[in-house]
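So this block is protein_7.cif, mmCIF, C-alpha atoms:
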data_input
loop_
_atom_site.label_atom_id
_atom_site.label_comp_id
_atom_site.auth_asym_id
_atom_site.auth_seq_id
_atom_site.Cartn_x
_atom_site.Cartn_y
_atom_site.Cartn_z
CA MET X 363 144.75 -176.99 66.94
CA LYS X 364 148.04 -177.59 68.75
CA LEU X 365 151.10 -178.14 66.64
CA ARG X 366 151.84 -181.50 68.28
CA LYS X 367 148.33 -182.77 67.56
CA LEU X 368 148.57 -181.60 63.94
CA ASN X 369 151.94 -183.34 63.63
CA ILE X 370 150.50 -186.64 64.88
CA ILE X 371 147.48 -186.41 62.57
CA LEU X 372 149.69 -185.61 59.57
CA HIS X 373 152.08 -188.47 60.35
CA ARG X 374 149.21 -190.89 60.88
CA ASP X 375 147.22 -190.00 57.77
CA LEU X 376 150.20 -189.80 55.42
CA GLY X 377 151.36 -193.13 56.84
CA TYR X 378 148.02 -194.78 56.13
CA PHE X 379 147.65 -193.24 52.68
CA PHE X 380 151.12 -194.15 51.43
CA THR X 381 151.40 -197.64 52.92
CA GLY X 382 150.93 -199.22 49.50
CA MET X 383 153.46 -196.94 47.82
CA ILE X 384 156.03 -197.59 50.58
CA ILE X 385 155.68 -201.34 50.10
CA ILE X 386 155.88 -201.04 46.29
CA TYR X 387 159.00 -198.87 46.38
CA SER X 388 160.65 -200.94 49.11
CA LEU X 389 160.12 -204.29 47.42
CA SER X 390 161.15 -203.02 44.00
CA GLY X 391 164.06 -201.20 45.66
CA ILE X 392 165.33 -204.51 47.04
CA ALA X 393 164.79 -206.11 43.63
CA LEU X 394 166.66 -203.36 41.79
CA ASN X 395 169.40 -203.36 44.43
CA HIS X 396 170.44 -206.86 43.44
CA LEU X 397 170.90 -206.51 39.70
CA ASN X 398 174.12 -208.48 40.01
CA GLU X 399 172.24 -211.50 41.29
CA TRP X 400 169.11 -211.54 39.18
CA ASN X 401 167.02 -209.89 36.51
CA PRO X 402 164.23 -208.14 38.42
CA ASP X 403 162.04 -207.64 35.35
CA LEU X 404 162.32 -210.90 33.45
CA ILE X 405 162.36 -214.62 34.14
CA ILE X 406 164.88 -216.18 31.77
CA THR X 407 164.74 -219.92 31.26
CA LYS X 408 167.11 -222.06 29.24
CA GLN X 409 166.41 -225.63 28.23
CA GLU X 410 168.83 -227.83 26.35
CA VAL X 411 167.46 -229.75 23.39
CA LYS X 412 168.64 -232.20 20.80
CA VAL X 413 166.88 -232.14 17.45
CA LYS X 414 166.79 -234.43 14.48
CA LEU X 415 168.28 -232.40 11.65
CA PRO X 416 166.81 -232.55 8.13
CA GLU X 417 168.74 -234.56 5.59
CA ASN X 418 170.15 -231.53 3.90
CA SER X 419 170.87 -229.11 6.76
CA ALA X 420 172.64 -226.80 4.30
CA SER X 421 169.32 -225.78 2.76
CA ILE X 422 166.86 -225.59 5.60
CA ASN X 423 163.49 -224.05 4.75
CA LYS X 424 160.47 -222.95 6.76
CA GLN X 425 158.91 -226.42 6.67
CA ASP X 426 162.07 -227.95 8.13
CA VAL X 427 162.06 -225.31 10.85
CA GLU X 428 158.43 -225.98 11.71
CA LYS X 429 159.17 -229.69 11.92
CA ILE X 430 162.06 -228.99 14.31
CA LEU X 431 159.73 -226.91 16.45
CA ALA X 432 157.10 -229.65 16.49
CA ASP X 433 159.75 -232.15 17.64
CA ILE X 434 160.67 -229.99 20.64
CA GLY X 435 157.12 -229.12 21.65
CA GLU X 436 156.98 -225.63 20.14
CA LYS X 437 154.77 -226.52 17.21
CA ASP X 438 152.54 -223.41 17.07
CA ASN X 439 155.15 -220.92 18.19
CA TYR X 440 157.05 -220.24 14.96
CA LYS X 441 157.85 -216.58 14.34
CA LYS X 442 160.93 -216.31 12.15
CA TYR X 443 164.27 -218.01 11.54
CA TYR X 444 167.71 -217.04 10.31
CA PHE X 445 171.33 -218.18 10.36
CA PRO X 446 173.39 -215.95 12.71
CA LYS X 447 176.57 -217.82 11.84
CA LYS X 448 177.59 -220.64 9.56
CA ASN X 449 176.16 -223.91 10.91
CA THR X 450 173.92 -222.14 13.42
CA LEU X 451 170.16 -221.88 13.14
CA LYS X 452 168.18 -219.43 15.27
CA ILE X 453 164.39 -219.61 15.43
CA PHE X 454 162.39 -216.82 17.08
CA LEU X 455 159.37 -218.04 19.03
CA LYS X 456 156.04 -216.46 19.83
CA VAL X 457 155.77 -216.24 23.61
CA SER X 458 152.90 -214.61 25.44
CA HIS X 459 154.13 -211.42 27.17
CA GLY X 460 157.72 -212.30 26.40
CA SER X 461 160.10 -213.65 23.80
CA GLY X 462 161.86 -216.87 23.01
CA SER X 463 164.33 -218.42 20.66
CA VAL X 464 165.79 -221.77 19.73
CA ASN X 465 169.47 -221.95 18.86
CA ILE X 466 170.63 -225.09 17.04
CA ASP X 467 174.07 -226.27 16.04
CA LEU X 468 173.50 -227.62 12.53
CA LYS X 469 176.41 -230.03 12.79
CA THR X 470 175.32 -231.85 15.91
CA GLY X 471 171.64 -231.06 16.37
CA ASN X 472 172.37 -229.82 19.90
CA GLY X 473 170.85 -226.61 20.98
CA TYR X 474 168.81 -224.77 23.57
CA ILE X 475 165.50 -222.98 23.97
CA GLU X 476 165.70 -219.64 25.74
CA LYS X 477 162.55 -217.90 26.90
CA LEU X 478 162.01 -214.54 28.52
CA ALA X 479 158.83 -213.80 30.40
CA ARG X 480 157.82 -210.82 32.48
CA ARG X 481 158.41 -211.42 36.19
CA PRO X 482 154.92 -210.98 37.64
CA ILE X 483 154.36 -208.27 40.23
CA PHE X 484 158.03 -207.18 40.20
CA ASN X 485 157.84 -206.14 36.54
CA GLU X 486 154.92 -203.85 37.34
CA MET X 487 156.46 -202.51 40.56
CA ASN X 488 159.76 -201.81 38.83
CA PHE X 489 157.86 -200.03 36.06
CA LEU X 490 156.48 -197.66 38.68
CA HIS X 491 159.73 -197.32 40.66
CA ARG X 492 161.75 -196.47 37.57
CA ASN X 493 159.10 -193.97 36.48
CA ASN X 494 158.64 -195.67 33.14
CA ALA X 495 155.06 -194.38 33.11
CA ARG X 496 156.14 -190.72 33.20
CA LYS X 497 153.35 -188.13 32.79
CA LEU X 498 151.09 -187.96 35.87
CA TRP X 499 153.12 -190.61 37.66
CA THR X 500 156.09 -188.26 37.77
CA TRP X 501 154.07 -185.77 39.79
CA TYR X 502 152.47 -188.38 42.02
CA SER X 503 155.78 -190.05 42.84
CA ASP X 504 157.32 -186.63 43.56
CA ILE X 505 154.45 -185.96 45.98
CA PHE X 506 155.10 -189.37 47.54
CA ALA X 507 158.79 -188.55 47.96
CA LEU X 508 157.98 -185.22 49.63
CA SER X 509 155.47 -187.00 51.86
CA LEU X 510 158.17 -189.44 52.96
CA ILE X 511 160.27 -186.45 54.03
CA ILE X 512 157.28 -185.13 55.99
CA LEU X 513 156.75 -188.59 57.50
CA ALA X 514 160.39 -188.73 58.56
CA ILE X 515 160.47 -185.25 60.11
CA SER X 516 157.05 -185.52 61.73
CA GLY X 517 158.05 -188.90 63.19
CA LEU X 518 160.87 -187.23 65.10
CA PHE X 519 158.39 -185.27 67.20
CA ILE X 520 155.72 -187.88 67.94
CA LEU X 521 157.03 -188.91 71.34
CA LYS X 522 157.90 -186.72 74.29
CA GLY X 523 160.42 -187.22 77.04
CA LYS X 524 163.47 -189.51 77.21
CA LYS X 525 162.20 -191.73 74.38
CA GLY X 526 161.58 -188.75 72.12
CA ILE X 527 163.90 -186.56 70.04
CA LYS X 528 165.46 -185.06 73.17
CA GLY X 529 166.44 -188.51 74.44
CA ARG X 530 167.25 -191.76 72.67
CA GLY X 531 165.55 -190.46 69.52
CA ALA X 532 168.41 -188.03 69.01
CA TRP X 533 171.06 -190.79 69.20
CA LEU X 534 169.20 -193.08 66.83
CA THR X 535 168.64 -190.24 64.34
CA ILE X 536 172.32 -189.27 64.41
CA ALA X 537 173.35 -192.92 63.95
CA GLY X 538 170.96 -193.22 61.02
CA ILE X 539 172.59 -190.22 59.33
CA LEU X 540 176.16 -191.29 60.15
CA ILE X 541 175.86 -194.74 58.54
CA PRO X 542 175.26 -193.48 54.97
CA LEU X 543 177.98 -190.84 55.47
CA ILE X 544 180.46 -193.54 56.50
CA MET X 545 179.39 -195.64 53.49
CA LEU X 546 180.08 -192.64 51.24
CA LEU X 547 183.51 -192.20 52.77
CA LEU X 548 184.27 -195.87 52.25
CA TYR X 549 182.90 -196.39 48.78
CA TYR X 550 182.44 -193.09 46.99
CA MET A 878 144.85 -148.25 39.69
CA LYS A 879 148.43 -149.29 40.51
CA LYS A 880 147.32 -152.93 40.83
CA LEU A 881 145.50 -152.76 37.49
CA PHE A 882 148.58 -151.33 35.80
CA LEU A 883 150.78 -154.08 37.30
CA LEU A 884 148.31 -156.72 36.18
CA MET A 885 148.38 -155.30 32.64
CA ILE A 886 152.17 -155.47 32.54
CA ILE A 887 152.20 -159.07 33.77
CA SER A 888 149.53 -160.02 31.22
CA ALA A 889 151.48 -158.34 28.41
CA PHE A 890 154.60 -160.22 29.46
CA LEU A 891 152.80 -163.58 29.57
CA PHE A 892 151.12 -162.90 26.23
CA SER A 893 154.43 -162.15 24.52
CA CYS A 894 156.00 -165.28 26.05
CA GLY A 895 153.05 -167.32 24.80
CA ASN A 896 153.39 -165.86 21.32
CA ASN A 897 157.10 -166.62 21.22
CA GLU A 898 156.42 -170.19 22.32
CA ASN A 899 153.72 -170.56 19.64
CA LYS A 900 156.10 -169.18 17.03
CA THR A 901 158.79 -171.63 18.13
CA LYS A 902 156.31 -174.52 18.04
CA LYS A 903 155.23 -173.47 14.52
CA GLU A 904 158.86 -173.42 13.38
CA GLN A 905 159.40 -176.85 14.91
CA THR A 906 156.25 -178.20 13.28
CA ASN A 907 157.46 -176.90 9.92
CA GLN A 908 160.75 -178.69 10.46
CA VAL A 909 159.02 -181.96 11.42
CA THR A 910 156.79 -181.93 8.34
CA GLN A 911 159.92 -182.09 6.17
CA GLU A 912 160.05 -185.53 4.70
CA ILE A 913 161.77 -188.13 6.84
CA VAL A 914 164.06 -190.49 4.93
CA LYS A 915 163.04 -194.15 5.07
CA LEU A 916 165.77 -196.76 4.97
CA ASN A 917 166.22 -200.43 5.61
CA VAL A 918 169.20 -201.79 7.51
CA ASP A 919 171.12 -202.82 4.38
CA THR A 920 170.87 -199.33 2.86
CA PHE A 921 171.61 -197.69 6.19
CA LEU A 922 174.86 -199.62 6.49
CA THR A 923 176.11 -198.03 3.26
CA LYS A 924 174.63 -194.54 3.62
CA ALA A 925 174.49 -193.82 7.34
CA SER A 926 177.20 -191.13 7.22
CA GLU A 927 174.90 -188.96 5.07
CA TYR A 928 172.25 -188.81 7.80
CA VAL A 929 174.22 -188.12 10.97
CA GLY A 930 172.19 -185.81 13.19
CA LYS A 931 169.06 -186.28 11.09
CA GLU A 932 165.85 -188.09 11.90
CA ILE A 933 165.16 -191.16 9.78
CA GLU A 934 162.86 -194.17 9.69
CA LEU A 935 164.70 -197.45 9.78
CA THR A 936 163.18 -200.85 9.07
CA GLY A 937 164.74 -204.11 10.12
CA THR A 938 164.26 -207.32 12.07
CA VAL A 939 164.70 -207.11 15.81
CA ASN A 940 167.56 -209.43 16.64
CA HIS A 941 167.85 -208.58 20.31
CA VAL A 942 166.18 -206.49 23.01
CA CYS A 943 168.40 -205.63 25.98
CA LYS A 944 167.31 -207.80 28.91
CA HIS A 945 168.26 -205.17 31.49
CA GLY A 946 166.01 -202.18 31.22
CA ALA A 947 165.00 -202.89 27.60
CA LYS A 948 166.08 -199.41 26.52
CA ARG A 949 168.00 -200.73 23.53
CA LEU A 950 167.42 -203.12 20.73
CA LYS A 951 169.36 -204.27 17.70
CA LEU A 952 168.09 -204.44 14.16
CA MET A 953 169.46 -206.69 11.46
CA GLY A 954 169.10 -206.79 7.69
CA THR A 955 170.19 -209.53 5.33
CA ASP A 956 173.60 -209.88 7.04
CA PRO A 957 172.93 -211.08 10.60
CA GLU A 958 176.40 -210.02 11.71
CA GLU A 959 175.81 -206.35 10.89
CA LEU A 960 173.51 -205.03 13.60
CA ILE A 961 172.25 -201.50 14.19
CA LYS A 962 171.73 -200.39 17.77
CA VAL A 963 168.57 -198.42 18.54
CA GLU A 964 168.22 -196.51 21.81
CA SER A 965 164.86 -195.49 23.18
CA GLY A 966 164.01 -191.84 23.71
CA ASP A 967 162.00 -190.17 26.47
CA LYS A 968 158.63 -191.15 25.08
CA ILE A 969 159.45 -194.85 24.88
CA GLU A 970 160.70 -195.83 28.29
CA LYS A 971 161.51 -199.33 27.18
CA PHE A 972 161.04 -201.71 24.28
CA ASP A 973 158.87 -204.78 24.64
CA VAL A 974 160.99 -207.96 24.68
CA SER A 975 158.33 -209.66 22.56
CA LEU A 976 159.61 -207.57 19.61
CA GLU A 977 162.46 -210.05 19.09
CA GLY A 978 161.98 -211.65 15.70
CA ASN A 979 159.54 -208.99 14.48
CA GLU A 980 160.20 -206.64 11.62
CA VAL A 981 159.83 -203.12 12.95
CA CYS A 982 160.11 -199.59 11.68
CA VAL A 983 161.75 -197.20 14.15
CA LYS A 984 162.04 -193.44 13.96
CA GLY A 985 165.04 -191.74 15.54
CA ILE A 986 168.17 -189.66 15.12
CA VAL A 987 171.30 -191.05 13.48
CA LYS A 988 174.42 -190.77 15.61
CA GLU A 989 178.03 -191.54 14.85
CA LEU A 990 180.38 -193.19 17.31
CA ILE A 991 184.02 -192.71 16.40
CA ILE A 992 186.13 -195.62 17.52
CA ASP A 993 189.81 -194.93 17.77
CA GLU A 994 192.59 -196.27 19.98
CA GLU A 995 191.69 -193.81 22.76
CA TYR A 996 188.09 -195.03 22.81
CA ILE A 997 189.16 -198.67 22.88
CA ALA A 998 191.57 -198.00 25.75
CA GLN A 999 188.77 -196.30 27.73
CA LEU A 1000 186.48 -199.25 27.05
CA GLU A 1001 189.09 -201.73 28.28
CA SER A 1002 189.71 -199.68 31.40
CA LYS A 1003 185.98 -199.45 32.12
CA MET A 1004 185.50 -203.19 31.74
CA LYS A 1005 188.40 -203.95 34.06
CA ASN A 1006 186.94 -201.68 36.77
CA ASP A 1007 183.34 -202.73 36.39
CA ASP A 1008 182.72 -206.15 37.89
CA SER A 1009 178.97 -205.71 37.72
CA LYS A 1010 177.05 -208.48 36.00
CA GLU A 1011 174.28 -206.07 35.13
CA HIS A 1012 175.19 -206.10 31.46
CA ALA A 1013 177.17 -209.30 31.42
CA ASP A 1014 175.94 -210.21 27.97
CA ASP A 1015 176.93 -206.77 26.61
CA HIS A 1016 180.33 -206.91 28.31
CA HIS A 1017 181.06 -210.29 26.82
CA GLU A 1018 180.14 -208.92 23.42
CA ASP A 1019 182.40 -205.88 23.97
CA LEU A 1020 185.34 -208.07 24.90
CA SER A 1021 185.03 -210.13 21.76
CA LYS A 1022 184.56 -207.02 19.63
CA ILE A 1023 187.61 -205.10 20.88
CA LYS A 1024 189.92 -207.32 18.89
CA GLU A 1025 187.60 -206.93 15.92
CA MET A 1026 187.62 -203.12 16.29
CA ARG A 1027 191.41 -202.97 16.27
CA ALA A 1028 191.52 -205.20 13.20
CA LYS A 1029 188.98 -203.01 11.40
CA ILE A 1030 190.89 -199.82 12.23
CA LYS A 1031 194.04 -201.38 10.88
CA ALA A 1032 192.23 -202.56 7.73
CA SER A 1033 190.69 -199.11 7.15
CA GLY A 1034 194.09 -197.51 6.77
CA THR A 1035 193.01 -194.65 9.02
CA ASP A 1036 193.19 -194.13 12.78
CA HIS A 1037 189.51 -194.75 13.41
CA ILE A 1038 186.29 -196.40 12.28
CA SER A 1039 182.74 -195.10 12.63
CA ILE A 1040 179.76 -196.97 13.98
CA TYR A 1041 176.35 -195.53 13.24
CA TYR A 1042 173.32 -196.09 15.42
CA ILE A 1043 169.89 -194.67 16.15
CA THR A 1044 169.11 -192.72 19.30
CA ASP A 1045 166.10 -190.82 20.66
CA CYS A 1046 163.74 -193.38 19.19
CA ASN A 1047 160.31 -192.14 20.29
CA GLU A 1048 158.20 -193.97 17.80
CA TYR A 1049 158.14 -197.43 16.31
CA LYS A 1050 155.66 -199.76 14.70
CA VAL A 1051 155.61 -203.48 14.03
CA VAL A 1052 155.64 -204.14 10.31
CA GLU A 1053 155.52 -207.93 10.46
#

Starting from the file, lay out its structure as structure tokens.
Amino acid sequence: MKLRKLNIILHRDLGYFFTGMIIIYSLSGIALNHLNEWNPDLIITKQEVKVKLPENSASINKQDVEKILADIGEKDNYKKYYFPKKNTLKIFLKVSHGSGSVNIDLKTGNGYIEKLARRPIFNEMNFLHRNNARKLWTWYSDIFALSLIILAISGLFILKGKKGIKGRGAWLTIAGILIPLIMLLLYY
Amino acid sequence: MKKLFLLMIISAFLFSCGNNENKTKKEQTNQVTQEIVKLNVDTFLTKASEYVGKEIELTGTVNHVCKHGAKRLKLMGTDPEELIKVESGDKIEKFDVSLEGNEVCVKGIVKELIIDEEYIAQLESKMKNDDSKEHADDHHEDLSKIKEMRAKIKASGTDHISIYYITDCNEYKVVE
């Protein structure tokens, strides 16, 4: 088989096979690239509440806590409570696939409910991208990375003539290498 | 004949390597079967210095799981202001955020962080240079604790204080 034909077949088949992986890593890469702007793994919600405090807020017990939860629509979600600081009550909530808490100022009754839930799809993609799975995934993702290198190099030699690597392909490839080098010079 | 002789030498080499590895694994297993100390957070706060570098089991209530990466959590005992940091090891890539509020038992190595004026100065410098919001909640906590650290060093009468934490946590179970 000619080398050019083998190159095209390799590029084509690796491209087909790893389409899913490329999309997973690209989307999670964008997500993880913007850690300053958002939490790519969790959806964090905060809701302000005002509760009616028990008569003697200095000696709150579990029943009082459960009543507070019922008043704010979290009746069946009690997990635990404690007092992180004087005049502050914190109640941990049961949340499916996440966590939650209620923080109450025992002087005013003002507070907030904070809940954390897994961000669907992104949580799973980030799990793979970060190699949290380890074990076999380490090997498979290494194979994927090597395949991307093969895809990149084989792609250089797909076309012939002035649109190939001897023509505009060369300029585009050089530009693509120069940009990260310039970024390194600027920011490293 | 030459090939057979070469094969025998390679086999002998591999066999001796295997035996050495088995011997090492046996030694490690013997070390692991030594009893691991079990503590709760309150006891750990008073005795942590005795276990630096050693593997222990620590029980406490999960007060917080780091929202970015979930590789750390904090355990509390009866005093909610005294928290013990626990860092995940290689086998636990991250802690489940749903652990907040649960009583857990973690197994890991006790480490000591010595906080002196040099450390605090490095921390301040790092915070000034790092405008990332990635760990905004941790940064805010660090800022408020720097003043506290200096006050504690002054109160200790020495030039440093020690903070003990758990690292390489590769095993945990939910107690309650």

Per-residue nearest contacts of chain A to chain X (12 Å; all atoms listed in the file) as a Markdown table:
| residue | atom | partner | partner_atom | distance |
| --- | --- | --- | --- | --- |
| A:Thr938 | CA | X:Lys442 | CA | 9.6 |
| A:Val939 | CA | X:Phe454 | CA | 10.1 |
| A:Asn940 | CA | X:Phe454 | CA | 9.0 |
| A:His941 | CA | X:Ser461 | CA | 9.9 |
| A:Val942 | CA | X:Ser461 | CA | 9.4 |
| A:Cys943 | CA | X:Leu404 | CA | 11.0 |
| A:Lys944 | CA | X:Leu404 | CA | 7.4 |
| A:His945 | CA | X:Asn401 | CA | 7.0 |
| A:Gly946 | CA | X:Asp403 | CA | 7.9 |
| A:Ala947 | CA | X:Asp403 | CA | 9.6 |
| A:Lys948 | CA | X:Asn494 | CA | 10.6 |
| A:Met953 | CA | X:Pro446 | CA | 10.1 |
| A:Gly954 | CA | X:Tyr444 | CA | 10.7 |
| A:Thr955 | CA | X:Tyr444 | CA | 9.3 |
| A:Asp956 | CA | X:Pro446 | CA | 8.3 |
| A:Pro957 | CA | X:Pro446 | CA | 5.3 |
| A:Glu958 | CA | X:Pro446 | CA | 6.7 |
| A:Glu959 | CA | X:Pro446 | CA | 10.1 |
| A:Leu960 | CA | X:Pro446 | CA | 11.0 |
| A:Ser965 | CA | X:Asn494 | CA | 11.7 |
| A:Gly966 | CA | X:Asn494 | CA | 11.5 |
| A:Asp967 | CA | X:Arg496 | CA | 8.9 |
| A:Lys968 | CA | X:Arg496 | CA | 8.5 |
| A:Ile969 | CA | X:Asn494 | CA | 8.3 |
| A:Glu970 | CA | X:Asn494 | CA | 5.3 |
| A:Lys971 | CA | X:Asn494 | CA | 7.6 |
| A:Phe972 | CA | X:Asn494 | CA | 11.0 |
| A:Asp973 | CA | X:Gly460 | CA | 7.8 |
| A:Val974 | CA | X:Gly460 | CA | 5.7 |
| A:Ser975 | CA | X:Ser461 | CA | 4.5 |
| A:Leu976 | CA | X:Ser461 | CA | 7.4 |
| A:Glu977 | CA | X:Ser461 | CA | 6.4 |
| A:Gly978 | CA | X:Phe454 | CA | 5.4 |
| A:Asn979 | CA | X:Lys441 | CA | 7.8 |
| A:Glu980 | CA | X:Lys442 | CA | 9.7 |
| A:Asp1007 | CA | X:Asn398 | CA | 11.5 |
| A:Asp1008 | CA | X:Asn398 | CA | 9.2 |
| A:Ser1009 | CA | X:Asn398 | CA | 6.0 |
| A:Lys1010 | CA | X:Asn398 | CA | 5.0 |
| A:Glu1011 | CA | X:Asn398 | CA | 5.4 |
| A:His1012 | CA | X:Asn398 | CA | 8.9 |
| A:Ala1013 | CA | X:Asn398 | CA | 9.2 |
| A:Glu1053 | CA | X:Lys441 | CA | 9.8 |

Checklist entry - Quick one: which residues end up in the PyMOL selection byres ((chain A and resi 990-997) around 7) for this structure, as a ChimeraX atom specification? => result /A:988-989,998-1001,1023,1036-1041

Expand the PyMOL selection byres ((chain X and resi 376) around 12) into the explicit residue set it covers here, and present it as a PDB file with C-alpha atoms, in the frame of the given file.
ATOM      1  CA  LEU X 368     148.570-181.600  63.940  1.00  0.00           C
ATOM      2  CA  ASN X 369     151.940-183.340  63.630  1.00  0.00           C
ATOM      3  CA  ILE X 370     150.500-186.640  64.880  1.00  0.00           C
ATOM      4  CA  ILE X 371     147.480-186.410  62.570  1.00  0.00           C
ATOM      5  CA  LEU X 372     149.690-185.610  59.570  1.00  0.00           C
ATOM      6  CA  HIS X 373     152.080-188.470  60.350  1.00  0.00           C
ATOM      7  CA  ARG X 374     149.210-190.890  60.880  1.00  0.00           C
ATOM      8  CA  ASP X 375     147.220-190.000  57.770  1.00  0.00           C
ATOM      9  CA  GLY X 377     151.360-193.130  56.840  1.00  0.00           C
ATOM     10  CA  TYR X 378     148.020-194.780  56.130  1.00  0.00           C
ATOM     11  CA  PHE X 379     147.650-193.240  52.680  1.00  0.00           C
ATOM     12  CA  PHE X 380     151.120-194.150  51.430  1.00  0.00           C
ATOM     13  CA  THR X 381     151.400-197.640  52.920  1.00  0.00           C
ATOM     14  CA  GLY X 382     150.930-199.220  49.500  1.00  0.00           C
ATOM     15  CA  MET X 383     153.460-196.940  47.820  1.00  0.00           C
ATOM     16  CA  ILE X 384     156.030-197.590  50.580  1.00  0.00           C
ATOM     17  CA  ILE X 505     154.450-185.960  45.980  1.00  0.00           C
ATOM     18  CA  PHE X 506     155.100-189.370  47.540  1.00  0.00           C
ATOM     19  CA  ALA X 507     158.790-188.550  47.960  1.00  0.00           C
ATOM     20  CA  LEU X 508     157.980-185.220  49.630  1.00  0.00           C
ATOM     21  CA  SER X 509     155.470-187.000  51.860  1.00  0.00           C
ATOM     22  CA  LEU X 510     158.170-189.440  52.960  1.00  0.00           C
ATOM     23  CA  ILE X 511     160.270-186.450  54.030  1.00  0.00           C
ATOM     24  CA  ILE X 512     157.280-185.130  55.990  1.00  0.00           C
ATOM     25  CA  LEU X 513     156.750-188.590  57.500  1.00  0.00           C
ATOM     26  CA  ALA X 514     160.390-188.730  58.560  1.00  0.00           C
ATOM     27  CA  SER X 516     157.050-185.520  61.730  1.00  0.00           C
ATOM     28  CA  GLY X 517     158.050-188.900  63.190  1.00  0.00           C
TER      29      GLY X 517
END

Checklist entry - So what do you get for atom CA of Asp1045 of chain A versus atom CA of Thr936 of chain A, distance-wise? => result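 So the answer is 15.6 Å.
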
Next on the checklist: Here's a test: counting all atoms listed in the file, identify every protein, DNA and RNA residue with an atom at most 7 Å from (157.2, -203.4, 44.7) in the file's coordinate frame, and state them as a PyMOL selection string.
Outcome noted: chain X and resi 385-390+484+487-488

With C-alpha atoms kept, could you save the residues just selected as a JSON list (two decimals), in the frame of the given file?
[["chain", "number", "residue", "atom", "x", "y", "z"],
["X", 385, "ILE", "CA", 155.68, -201.34, 50.10],
["X", 386, "ILE", "CA", 155.88, -201.04, 46.29],
["X", 387, "TYR", "CA", 159.00, -198.87, 46.38],
["X", 388, "SER", "CA", 160.65, -200.94, 49.11],
["X", 389, "LEU", "CA", 160.12, -204.29, 47.42],
["X", 390, "SER", "CA", 161.15, -203.02, 44.00],
["X", 484, "PHE", "CA", 158.03, -207.18, 40.20],
["X", 487, "MET", "CA", 156.46, -202.51, 40.56],
["X", 488, "ASN", "CA", 159.76, -201.81, 38.83]]

Next on the checklist: Would you compute the distance between atom CA of Asn439 of chain X and atom CA of Asn1047 of chain A? Give it in Å to one decimal.
Outcome noted: 29.3 Å

Next on the checklist: Given all atoms listed in the file as the basis, pick out the residue of X:Ala393, X:Leu365, X:Ala537, X:Leu451 nearest to Ser421 of chain X.
Outcome noted: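 So, comparing all the options, the nearest one is X:Leu451.
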
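Picture a line from atom CA of Ile986 of chain A to atom CA of Glu486 of chain X; it runs 29.5 Å.
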
Next on the checklist: Could you list, as a PyMOL selection string, every residue matched by the PyMOL selection byres ((chain X and resi 434) around 12) in this structure?
Outcome noted: chain X and resi 409-414+427-433+435-440+464+466+471-475
